[in-house]
file work00.cif (mmCIF, C-alpha atoms)
data_query
#
loop_
_atom_site.group_PDB
_atom_site.id
_atom_site.type_symbol
_atom_site.label_atom_id
_atom_site.label_comp_id
_atom_site.auth_asym_id
_atom_site.auth_seq_id
_atom_site.Cartn_x
_atom_site.Cartn_y
_atom_site.Cartn_z
ATOM 1 C CA MET A 1 117.039 100.993 59.557
ATOM 2 C CA SER A 2 114.422 100.261 62.205
ATOM 3 C CA VAL A 3 115.111 97.116 64.243
ATOM 4 C CA THR A 4 112.476 95.251 66.250
ATOM 5 C CA THR A 5 113.761 93.194 69.166
ATOM 6 C CA LEU A 6 112.083 90.234 70.842
ATOM 7 C CA VAL A 7 113.558 89.318 74.210
ATOM 8 C CA LEU A 8 112.507 85.743 74.938
ATOM 9 C CA LEU A 9 112.049 84.721 78.575
ATOM 10 C CA ARG A 10 111.199 81.179 79.540
ATOM 11 C CA HIS A 11 109.046 80.934 82.666
ATOM 12 C CA GLY A 12 110.693 80.080 85.975
ATOM 13 C CA GLU A 13 110.758 76.571 87.386
ATOM 14 C CA THR A 14 107.693 74.635 88.486
ATOM 15 C CA LEU A 15 107.909 71.519 90.635
ATOM 16 C CA LEU A 16 107.988 69.512 87.382
ATOM 17 C CA THR A 17 110.923 71.363 85.822
ATOM 18 C CA PRO A 18 113.873 69.873 87.782
ATOM 19 C CA GLU A 19 112.633 66.370 86.923
ATOM 20 C CA ARG A 20 112.368 67.372 83.253
ATOM 21 C CA ARG A 21 108.752 66.225 83.094
ATOM 22 C CA LEU A 22 106.701 67.272 80.081
ATOM 23 C CA SER A 23 104.270 70.022 80.973
ATOM 24 C CA GLY A 24 102.191 71.193 78.048
ATOM 25 C CA SER A 25 98.933 72.973 77.410
ATOM 26 C CA GLY A 26 96.931 69.836 78.180
ATOM 27 C CA GLY A 27 98.503 69.170 81.574
ATOM 28 C CA SER A 28 98.023 70.345 85.142
ATOM 29 C CA ASN A 29 98.986 73.984 84.439
ATOM 30 C CA PRO A 30 101.311 74.316 87.454
ATOM 31 C CA GLY A 31 102.410 77.622 88.908
ATOM 32 C CA LEU A 32 105.934 78.594 89.859
ATOM 33 C CA SER A 33 107.757 76.791 92.636
ATOM 34 C CA PRO A 34 109.596 78.842 95.297
ATOM 35 C CA VAL A 35 112.738 78.482 93.160
ATOM 36 C CA GLY A 36 110.780 79.607 90.114
ATOM 37 C CA ARG A 37 109.491 82.718 91.892
ATOM 38 C CA HIS A 38 113.071 83.605 92.851
ATOM 39 C CA GLN A 39 114.150 83.097 89.234
ATOM 40 C CA ALA A 40 111.338 85.363 88.000
ATOM 41 C CA ARG A 41 112.480 88.141 90.338
ATOM 42 C CA ALA A 42 116.075 87.702 89.168
ATOM 43 C CA ALA A 43 114.969 87.950 85.540
ATOM 44 C CA ALA A 44 112.957 91.056 86.384
ATOM 45 C CA ASP A 45 116.038 92.681 87.910
ATOM 46 C CA ALA A 46 118.114 91.829 84.830
ATOM 47 C CA LEU A 47 115.500 93.242 82.482
ATOM 48 C CA ALA A 48 115.136 96.399 84.578
ATOM 49 C CA HIS A 49 118.884 96.849 84.289
ATOM 50 C CA ARG A 50 118.617 96.370 80.525
ATOM 51 C CA GLY A 51 116.148 99.231 80.489
ATOM 52 C CA ASP A 52 114.582 99.146 77.012
ATOM 53 C CA ILE A 53 111.570 96.795 77.326
ATOM 54 C CA GLU A 54 108.445 98.569 76.053
ATOM 55 C CA ALA A 55 105.847 95.782 76.253
ATOM 56 C CA VAL A 56 105.347 92.411 77.951
ATOM 57 C CA VAL A 57 103.462 89.651 76.123
ATOM 58 C CA THR A 58 102.939 86.236 77.683
ATOM 59 C CA SER A 59 101.451 82.797 77.335
ATOM 60 C CA PRO A 60 98.227 82.593 79.356
ATOM 61 C CA MET A 61 99.459 79.532 81.239
ATOM 62 C CA ARG A 62 99.902 80.048 84.978
ATOM 63 C CA ARG A 63 103.685 79.694 85.191
ATOM 64 C CA CYS A 64 104.184 82.261 82.441
ATOM 65 C CA GLN A 65 101.596 84.666 83.833
ATOM 66 C CA GLU A 66 103.339 84.597 87.213
ATOM 67 C CA THR A 67 106.771 85.128 85.628
ATOM 68 C CA ALA A 68 105.500 87.938 83.402
ATOM 69 C CA HIS A 69 103.761 89.632 86.317
ATOM 70 C CA SER A 70 107.006 89.717 88.331
ATOM 71 C CA VAL A 71 108.776 91.396 85.435
ATOM 72 C CA ALA A 72 105.955 93.788 84.557
ATOM 73 C CA VAL A 73 105.625 95.043 88.125
ATOM 74 C CA ARG A 74 109.373 95.700 88.233
ATOM 75 C CA LEU A 75 109.234 97.550 84.896
ATOM 76 C CA GLY A 76 105.981 99.402 85.502
ATOM 77 C CA LEU A 77 104.304 97.797 82.483
ATOM 78 C CA SER A 78 101.064 95.915 81.889
ATOM 79 C CA VAL A 79 100.916 92.280 80.786
ATOM 80 C CA GLN A 80 99.225 91.146 77.579
ATOM 81 C CA ALA A 81 98.311 87.465 77.223
ATOM 82 C CA ASP A 82 98.327 85.725 73.851
ATOM 83 C CA ARG A 83 96.833 82.242 73.737
ATOM 84 C CA ASP A 84 99.048 81.278 70.806
ATOM 85 C CA LEU A 85 102.144 81.515 73.029
ATOM 86 C CA ARG A 86 100.938 78.521 75.065
ATOM 87 C CA GLU A 87 103.046 75.386 75.242
ATOM 88 C CA ALA A 88 102.451 72.483 72.863
ATOM 89 C CA ASP A 89 99.911 69.840 73.839
ATOM 90 C CA PHE A 90 101.762 66.658 74.847
ATOM 91 C CA GLY A 91 98.667 64.470 75.081
ATOM 92 C CA ALA A 92 99.277 61.224 76.946
ATOM 93 C CA TRP A 93 102.873 62.276 77.597
ATOM 94 C CA GLU A 94 101.899 65.048 80.015
ATOM 95 C CA GLY A 95 103.744 64.709 83.304
ATOM 96 C CA LEU A 96 106.148 62.051 81.997
ATOM 97 C CA THR A 97 109.902 62.227 81.448
ATOM 98 C CA PHE A 98 111.266 61.402 78.005
ATOM 99 C CA SER A 99 112.591 58.130 79.437
ATOM 100 C CA GLU A 100 109.085 57.202 80.541
ATOM 101 C CA VAL A 101 107.648 58.220 77.182
ATOM 102 C CA ARG A 102 110.288 56.139 75.395
ATOM 103 C CA GLU A 103 109.342 53.134 77.520
ATOM 104 C CA ARG A 104 105.569 53.490 77.088
ATOM 105 C CA TYR A 105 105.221 55.037 73.601
ATOM 106 C CA PRO A 106 108.457 54.220 71.734
ATOM 107 C CA ASP A 107 107.032 54.304 68.202
ATOM 108 C CA ASP A 108 105.112 57.533 68.740
ATOM 109 C CA LEU A 109 108.159 59.212 70.263
ATOM 110 C CA SER A 110 110.375 58.143 67.357
ATOM 111 C CA ALA A 111 107.811 59.488 64.898
ATOM 112 C CA TRP A 112 107.570 62.790 66.810
ATOM 113 C CA PHE A 113 111.335 63.275 66.754
ATOM 114 C CA ALA A 114 111.460 62.351 63.057
ATOM 115 C CA SER A 115 108.647 64.553 61.755
ATOM 116 C CA PRO A 116 107.043 67.845 62.854
ATOM 117 C CA GLY A 117 103.827 66.478 61.361
ATOM 118 C CA SER A 118 103.573 63.675 63.940
ATOM 119 C CA PRO A 119 101.768 64.551 67.197
ATOM 120 C CA PRO A 120 102.498 63.146 70.659
ATOM 121 C CA SER A 121 100.264 60.223 71.635
ATOM 122 C CA GLY A 122 96.702 61.529 71.913
ATOM 123 C CA ALA A 123 97.709 65.176 71.444
ATOM 124 C CA SER A 124 95.600 67.773 69.679
ATOM 125 C CA GLU A 125 98.363 69.396 67.616
ATOM 126 C CA THR A 126 101.650 68.741 65.863
ATOM 127 C CA MET A 127 104.812 70.846 65.999
ATOM 128 C CA GLN A 128 103.909 72.055 62.505
ATOM 129 C CA GLN A 129 100.767 73.571 63.981
ATOM 130 C CA VAL A 130 102.705 75.022 66.918
ATOM 131 C CA THR A 131 105.112 76.603 64.431
ATOM 132 C CA ARG A 132 102.283 78.216 62.472
ATOM 133 C CA ARG A 133 100.692 79.820 65.519
ATOM 134 C CA VAL A 134 104.011 80.983 66.970
ATOM 135 C CA ALA A 135 105.065 82.483 63.614
ATOM 136 C CA ALA A 136 101.747 84.347 63.492
ATOM 137 C CA VAL A 137 102.418 85.805 66.952
ATOM 138 C CA ARG A 138 105.894 86.886 65.816
ATOM 139 C CA ASP A 139 104.521 88.582 62.714
ATOM 140 C CA GLY A 140 101.860 90.356 64.757
ATOM 141 C CA LEU A 141 104.394 91.654 67.252
ATOM 142 C CA MET A 142 106.713 92.858 64.506
ATOM 143 C CA ALA A 143 103.845 94.797 62.940
ATOM 144 C CA ARG A 144 102.482 96.220 66.188
ATOM 145 C CA TYR A 145 105.812 97.064 67.817
ATOM 146 C CA ALA A 146 107.991 97.929 64.831
ATOM 147 C CA GLY A 147 111.259 99.397 66.060
ATOM 148 C CA ALA A 148 110.547 98.549 69.706
ATOM 149 C CA THR A 149 111.795 95.950 72.190
ATOM 150 C CA VAL A 150 109.201 93.458 73.411
ATOM 151 C CA LEU A 151 109.502 90.829 76.134
ATOM 152 C CA VAL A 152 107.914 87.494 75.178
ATOM 153 C CA VAL A 153 107.308 85.146 78.127
ATOM 154 C CA SER A 154 106.626 81.608 77.003
ATOM 155 C CA HIS A 155 107.681 77.953 77.103
ATOM 156 C CA VAL A 156 110.392 75.718 75.675
ATOM 157 C CA GLY A 157 108.444 74.749 72.541
ATOM 158 C CA PRO A 158 107.371 78.217 71.365
ATOM 159 C CA LEU A 159 110.677 79.875 72.295
ATOM 160 C CA ARG A 160 112.780 77.232 70.568
ATOM 161 C CA THR A 161 110.492 77.630 67.569
ATOM 162 C CA LEU A 162 111.096 81.391 67.412
ATOM 163 C CA LEU A 163 114.843 80.785 67.598
ATOM 164 C CA ARG A 164 114.735 78.022 64.985
ATOM 165 C CA LEU A 165 112.784 80.212 62.583
ATOM 166 C CA ALA A 166 115.204 83.087 63.130
ATOM 167 C CA LEU A 167 118.101 80.803 62.261
ATOM 168 C CA GLN A 168 116.211 79.300 59.294
ATOM 169 C CA ALA A 169 117.194 75.944 60.777
ATOM 170 C CA PRO A 170 115.471 72.617 59.977
ATOM 171 C CA PRO A 171 112.732 71.270 62.268
ATOM 172 C CA HIS A 172 114.954 68.693 63.993
ATOM 173 C CA SER A 173 117.182 71.512 65.284
ATOM 174 C CA LEU A 174 114.390 72.244 67.777
ATOM 175 C CA PHE A 175 115.820 69.442 69.910
ATOM 176 C CA ARG A 176 119.384 70.788 69.757
ATOM 177 C CA MET A 177 118.826 73.991 71.745
ATOM 178 C CA GLU A 178 118.907 74.479 75.503
ATOM 179 C CA VAL A 179 116.378 77.014 76.776
ATOM 180 C CA ALA A 180 116.610 76.769 80.553
ATOM 181 C CA ALA A 181 114.033 77.936 83.072
ATOM 182 C CA ALA A 182 114.085 81.744 83.391
ATOM 183 C CA SER A 183 116.720 82.027 80.646
ATOM 184 C CA LEU A 184 116.830 84.989 78.278
ATOM 185 C CA SER A 185 117.366 84.841 74.522
ATOM 186 C CA THR A 186 117.240 87.745 72.060
ATOM 187 C CA VAL A 187 116.289 87.983 68.392
ATOM 188 C CA THR A 188 116.375 91.156 66.322
ATOM 189 C CA TYR A 189 114.467 91.726 63.079
ATOM 190 C CA ASP A 190 115.386 94.296 60.436
ATOM 191 C CA GLU A 191 112.677 96.108 58.511
ATOM 192 C CA ASP A 192 112.856 93.489 55.767
ATOM 193 C CA GLY A 193 112.268 90.703 58.313
ATOM 194 C CA THR A 194 115.868 89.463 58.410
ATOM 195 C CA ALA A 195 116.393 87.902 61.837
ATOM 196 C CA THR A 196 119.561 87.703 63.910
ATOM 197 C CA VAL A 197 119.906 85.704 67.122
ATOM 198 C CA GLN A 198 121.804 88.003 69.470
ATOM 199 C CA ALA A 199 121.708 85.824 72.602
ATOM 200 C CA LEU A 200 120.689 82.265 73.470
ATOM 201 C CA ASN A 201 119.914 80.731 76.867
ATOM 202 C CA ASP A 202 121.483 83.533 78.929
ATOM 203 C CA THR A 203 121.255 82.563 82.613
ATOM 204 C CA HIS A 204 123.881 84.889 84.103
ATOM 205 C CA HIS A 205 121.218 86.648 86.175
ATOM 206 C CA LEU A 206 120.434 83.385 87.981
ATOM 207 C CA ASN A 207 123.949 82.872 89.329
#

call {"tool": "encode", "arguments": {"input": "work00.cif", "output": "structure tokens"}}
result
Amino acid sequence: MSVTTLVLLRHGETLLTPERRLSGSGGSNPGLSPVGRHQARAAADALAHRGDIEAVVTSPMRRCQETAHSVAVRLGLSVQADRDLREADFGAWEGLTFSEVRERYPDDLSAWFASPGSPPSGASETMQQVTRRVAAVRDGLMARYAGATVLVVSHVGPLRTLLRLALQAPPHSLFRMEVAAASLSTVTYDEDGTATVQALNDTHHLN
């Protein structure tokens, strides 16, 4: 049976990452910090050692493009950008920590945690909409790269969504997964679409 593998790489750190500040598609679009560039090179080395990546697909946002480029150069591959792998739009929450959001927008935050149909304050999309676009990317990759191994470089929201869908877990499980900067996760798909999470939040290459 042919198996398609998606290797999921979160971008390396930006200056916002250590402070756990929300950085979505409506924010400042930061690039990698010096630490993040080091993490991207470490991920590239780990993926070169793995040896089976056949394509690199990335969010168009700057931090992902820079991470993907580091890997692609190391692997001798080109980079394909897919707009639907961008991070969620966090609206008025952009640049804030969850503590700050809880202080300023408590009702909206509670609604967002409770329902994937509730958007962040002033945001243009809900997590339901993020899920639809990310699932469409997954289906497209499975069709285009059937039987191959593809690296997907993206953000916390889309990558957690891919993992949640693979596990057939409920929407609230999105907030129960750690996907650290420059971490690697792996999902395989059988020909019938059955998904198996093979690895989650692997950061051994960063040590």

call {"tool": "closest_residue", "arguments": {"input": "work00.cif", "among": "A:Ser183, A:Arg144, A:Thr188, A:Ser121", "to": "Asp202 of chain A", "atoms": "all atoms listed in the file"}}
result
A:Ser183

call {"tool": "closest_residue", "arguments": {"input": "work00.cif", "among": "A:Arg86, A:Ala43, A:His49, A:Thr97", "to": "Pro18 of chain A", "atoms": "all atoms listed in the file"}}
result
A:Thr97

call {"tool": "closest_residue", "arguments": {"input": "work00.cif", "among": "A:Val152, A:Gly157, A:Ala111, A:Gly51", "to": "Gln129 of chain A", "atoms": "all atoms listed in the file"}}
result
A:Gly157

call {"tool": "resolve_selection", "arguments": {"input": "work00.cif", "expression": "the PyMOL selection byres ((chain A and resi 173) around 12)", "output": "PyMOL selection string"}}
result
chain A and resi 113-116+157+160-172+174-178

call {"tool": "residues_around", "arguments": {"input": "work00.cif", "residues": "Thr5 of chain A", "least_positions_apart": "4", "cutoff": "8 Å", "atoms": "only C-alpha atoms", "output": "ChimeraX atom specification"}}
result
/A:147-150,186-189

call {"tool": "closest_residue", "arguments": {"input": "work00.cif", "among": "A:His155, A:Arg74, A:Arg83, A:His205", "to": "Glu13 of chain A", "atoms": "only C-alpha atoms"}}
result
A:His155

call {"tool": "closest_atom_pairs", "arguments": {"input": "work00.cif", "of": "segment 88-112 of chain A", "to": "segment 19-30 of chain A", "cutoff": "6 Å", "atoms": "only C-alpha atoms", "output": "JSON lines"}}
result
{"residue": "A:Ala88", "atom": "CA", "partner": "A:Gly24", "partner_atom": "CA", "distance": 5.3}
{"residue": "A:Asp89", "atom": "CA", "partner": "A:Ser25", "partner_atom": "CA", "distance": 4.9}
{"residue": "A:Phe90", "atom": "CA", "partner": "A:Gly24", "partner_atom": "CA", "distance": 5.6}
{"residue": "A:Glu94", "atom": "CA", "partner": "A:Leu22", "partner_atom": "CA", "distance": 5.3}
{"residue": "A:Gly95", "atom": "CA", "partner": "A:Leu22", "partner_atom": "CA", "distance": 5.1}
{"residue": "A:Leu96", "atom": "CA", "partner": "A:Arg21", "partner_atom": "CA", "distance": 5.0}
{"residue": "A:Thr97", "atom": "CA", "partner": "A:Arg21", "partner_atom": "CA", "distance": 4.5}

call {"tool": "closest_residue", "arguments": {"input": "work00.cif", "among": "A:Gln198, A:Ala135, A:Val7, A:Pro158", "to": "Arg50 of chain A", "atoms": "all atoms listed in the file"}}
result
A:Val7

call {"tool": "resolve_selection", "arguments": {"input": "work00.cif", "expression": "the PyMOL selection byres ((chain A and resi 185) around 6)", "output": "PDB file with C-alpha atoms, in the coordinates of the input"}}
result
ATOM      1  CA  VAL A   7     113.558  89.318  74.210  1.00  0.00           C
ATOM      2  CA  LEU A   8     112.507  85.743  74.938  1.00  0.00           C
ATOM      3  CA  LEU A 184     116.830  84.989  78.278  1.00  0.00           C
ATOM      4  CA  THR A 186     117.240  87.745  72.060  1.00  0.00           C
ATOM      5  CA  ALA A 199     121.708  85.824  72.602  1.00  0.00           C
ATOM      6  CA  LEU A 200     120.689  82.265  73.470  1.00  0.00           C
ATOM      7  CA  ASN A 201     119.914  80.731  76.867  1.00  0.00           C
TER       8      ASN A 201
END

call {"tool": "residues_around", "arguments": {"input": "work00.cif", "residues": "Val71 of chain A", "least_positions_apart": "4", "cutoff": "10 Å", "atoms": "all atoms listed in the file", "output": "list in words"}}
result
Ala40, Arg41, Ala42, Ala43, Ala44, Asp45, Ala46, Leu47, Ala48, Val56, Gln65, Glu66, Thr67, Leu75, Gly76, Leu77, Ser78, Val79, Leu151 and Val153 of chain A

call {"tool": "atom_distance", "arguments": {"input": "work00.cif", "atom1": "atom CA of Arg138 of chain A", "atom2": "atom CA of Thr203 of chain A"}}
result
23.2 Å

call {"tool": "atom_distance", "arguments": {"input": "work00.cif", "atom1": "atom CA of Asp82 of chain A", "atom2": "atom CA of Leu141 of chain A"}}
result
10.7 Å

call {"tool": "residues_near_point", "arguments": {"input": "work00.cif", "point": "(99.7, 83.2, 77.3)", "cutoff": "9 Å", "atoms": "all atoms listed in the file", "output": "list in words"}}
result
Val57, Thr58, Ser59, Pro60, Met61, Arg62, Cys64, Gln65, Gln80, Ala81, Asp82, Arg83, Asp84, Leu85, Arg86, Glu87, Val153 and Ser154 of chain A

call {"tool": "axis_aligned_box", "arguments": {"input": "work00.cif", "around": "segment 143-158 of chain A", "padding_each_side": "5 Å", "output": "AutoDock Vina command-line options"}}
result
--center_x 107.1 --center_y 87.1 --center_z 70.5 --size_x 19.3 --size_y 34.6 --size_z 25.2

call {"tool": "closest_residue", "arguments": {"input": "work00.cif", "among": "A:Thr194, A:Ser124, A:Ser99, A:Asn207", "to": "Met1 of chain A", "atoms": "all atoms listed in the file"}}
result
A:Thr194

call {"tool": "atom_distance", "arguments": {"input": "work00.cif", "atom1": "atom CA of Gly117 of chain A", "atom2": "atom CA of Val156 of chain A"}}
result
18.3 Å

call {"tool": "decode", "arguments": {"input": "work00.cif", "residues": "segment 49-87 of chain A", "atoms": "N, CA and C atoms", "output": "compact mmCIF listing (two decimals), in the first residue's frame"}}
result
# COMPACT_ATOMS: atom_id res chain seq x y z
N HIS A 49 19.69 14.43 7.13
CA HIS A 49 20.04 13.11 7.67
C HIS A 49 18.90 12.12 7.44
N ARG A 50 17.67 12.60 7.55
CA ARG A 50 16.51 11.74 7.29
C ARG A 50 16.55 11.23 5.86
N GLY A 51 16.74 12.13 4.91
CA GLY A 51 17.08 11.73 3.55
C GLY A 51 15.97 11.45 2.58
N ASP A 52 14.69 11.56 2.95
CA ASP A 52 13.64 11.14 2.03
C ASP A 52 12.69 12.27 1.61
N ILE A 53 12.99 13.51 1.96
CA ILE A 53 12.11 14.63 1.60
C ILE A 53 12.18 14.87 0.09
N GLU A 54 11.03 14.91 -0.55
CA GLU A 54 10.97 15.08 -2.01
C GLU A 54 10.44 16.44 -2.43
N ALA A 55 9.80 17.17 -1.52
CA ALA A 55 9.26 18.49 -1.85
C ALA A 55 9.15 19.30 -0.58
N VAL A 56 9.25 20.63 -0.73
CA VAL A 56 9.14 21.56 0.40
C VAL A 56 8.04 22.56 0.08
N VAL A 57 7.02 22.59 0.92
CA VAL A 57 5.88 23.50 0.75
C VAL A 57 5.78 24.36 2.00
N THR A 58 5.56 25.66 1.84
CA THR A 58 5.61 26.55 2.99
C THR A 58 4.51 27.60 2.98
N SER A 59 4.21 28.09 4.17
CA SER A 59 3.44 29.32 4.30
C SER A 59 4.23 30.45 3.65
N PRO A 60 3.55 31.44 3.08
CA PRO A 60 4.26 32.56 2.47
C PRO A 60 4.79 33.58 3.48
N MET A 61 4.45 33.42 4.76
CA MET A 61 4.88 34.40 5.74
C MET A 61 6.39 34.31 5.94
N ARG A 62 6.99 35.47 6.27
CA ARG A 62 8.45 35.62 6.22
C ARG A 62 9.19 34.58 7.06
N ARG A 63 8.74 34.34 8.27
CA ARG A 63 9.46 33.41 9.14
C ARG A 63 9.45 31.99 8.60
N CYS A 64 8.37 31.61 7.93
CA CYS A 64 8.32 30.28 7.31
C CYS A 64 9.16 30.22 6.04
N GLN A 65 9.09 31.28 5.23
CA GLN A 65 9.90 31.31 4.01
C GLN A 65 11.38 31.18 4.34
N GLU A 66 11.83 31.89 5.39
CA GLU A 66 13.24 31.83 5.76
C GLU A 66 13.61 30.44 6.28
N THR A 67 12.74 29.83 7.07
CA THR A 67 12.99 28.48 7.57
C THR A 67 13.02 27.48 6.42
N ALA A 68 12.03 27.57 5.53
CA ALA A 68 11.95 26.65 4.40
C ALA A 68 13.15 26.79 3.48
N HIS A 69 13.60 28.02 3.28
CA HIS A 69 14.75 28.25 2.41
C HIS A 69 16.00 27.57 2.97
N SER A 70 16.21 27.67 4.29
CA SER A 70 17.37 27.02 4.90
C SER A 70 17.35 25.52 4.64
N VAL A 71 16.17 24.92 4.77
CA VAL A 71 16.05 23.49 4.56
C VAL A 71 16.23 23.14 3.09
N ALA A 72 15.57 23.89 2.22
CA ALA A 72 15.60 23.58 0.79
C ALA A 72 17.01 23.67 0.22
N VAL A 73 17.75 24.68 0.64
CA VAL A 73 19.14 24.81 0.18
C VAL A 73 19.95 23.59 0.61
N ARG A 74 19.76 23.16 1.84
CA ARG A 74 20.49 22.00 2.36
C ARG A 74 20.12 20.73 1.61
N LEU A 75 18.85 20.63 1.17
CA LEU A 75 18.37 19.42 0.50
C LEU A 75 18.47 19.50 -1.02
N GLY A 76 18.79 20.67 -1.54
CA GLY A 76 18.85 20.82 -2.99
C GLY A 76 17.49 20.82 -3.65
N LEU A 77 16.48 21.35 -2.95
CA LEU A 77 15.12 21.39 -3.46
C LEU A 77 14.65 22.83 -3.62
N SER A 78 13.60 23.02 -4.39
CA SER A 78 12.95 24.33 -4.50
C SER A 78 11.89 24.46 -3.42
N VAL A 79 11.41 25.68 -3.22
CA VAL A 79 10.39 25.96 -2.22
C VAL A 79 9.11 26.39 -2.92
N GLN A 80 7.99 25.78 -2.54
CA GLN A 80 6.69 26.17 -3.06
C GLN A 80 5.88 26.83 -1.93
N ALA A 81 5.36 28.01 -2.19
CA ALA A 81 4.55 28.70 -1.18
C ALA A 81 3.07 28.44 -1.43
N ASP A 82 2.34 28.23 -0.35
CA ASP A 82 0.89 28.05 -0.42
C ASP A 82 0.25 28.99 0.59
N ARG A 83 -0.51 29.94 0.10
CA ARG A 83 -1.10 30.97 0.95
C ARG A 83 -1.97 30.36 2.05
N ASP A 84 -2.57 29.21 1.79
CA ASP A 84 -3.48 28.62 2.76
C ASP A 84 -2.76 27.95 3.94
N LEU A 85 -1.43 27.97 3.93
CA LEU A 85 -0.66 27.50 5.08
C LEU A 85 -0.28 28.65 6.02
N ARG A 86 -0.80 29.85 5.73
CA ARG A 86 -0.51 31.00 6.62
C ARG A 86 -1.12 30.78 7.99
N GLU A 87 -0.61 31.54 8.97
CA GLU A 87 -1.16 31.46 10.31
C GLU A 87 -2.56 32.07 10.34
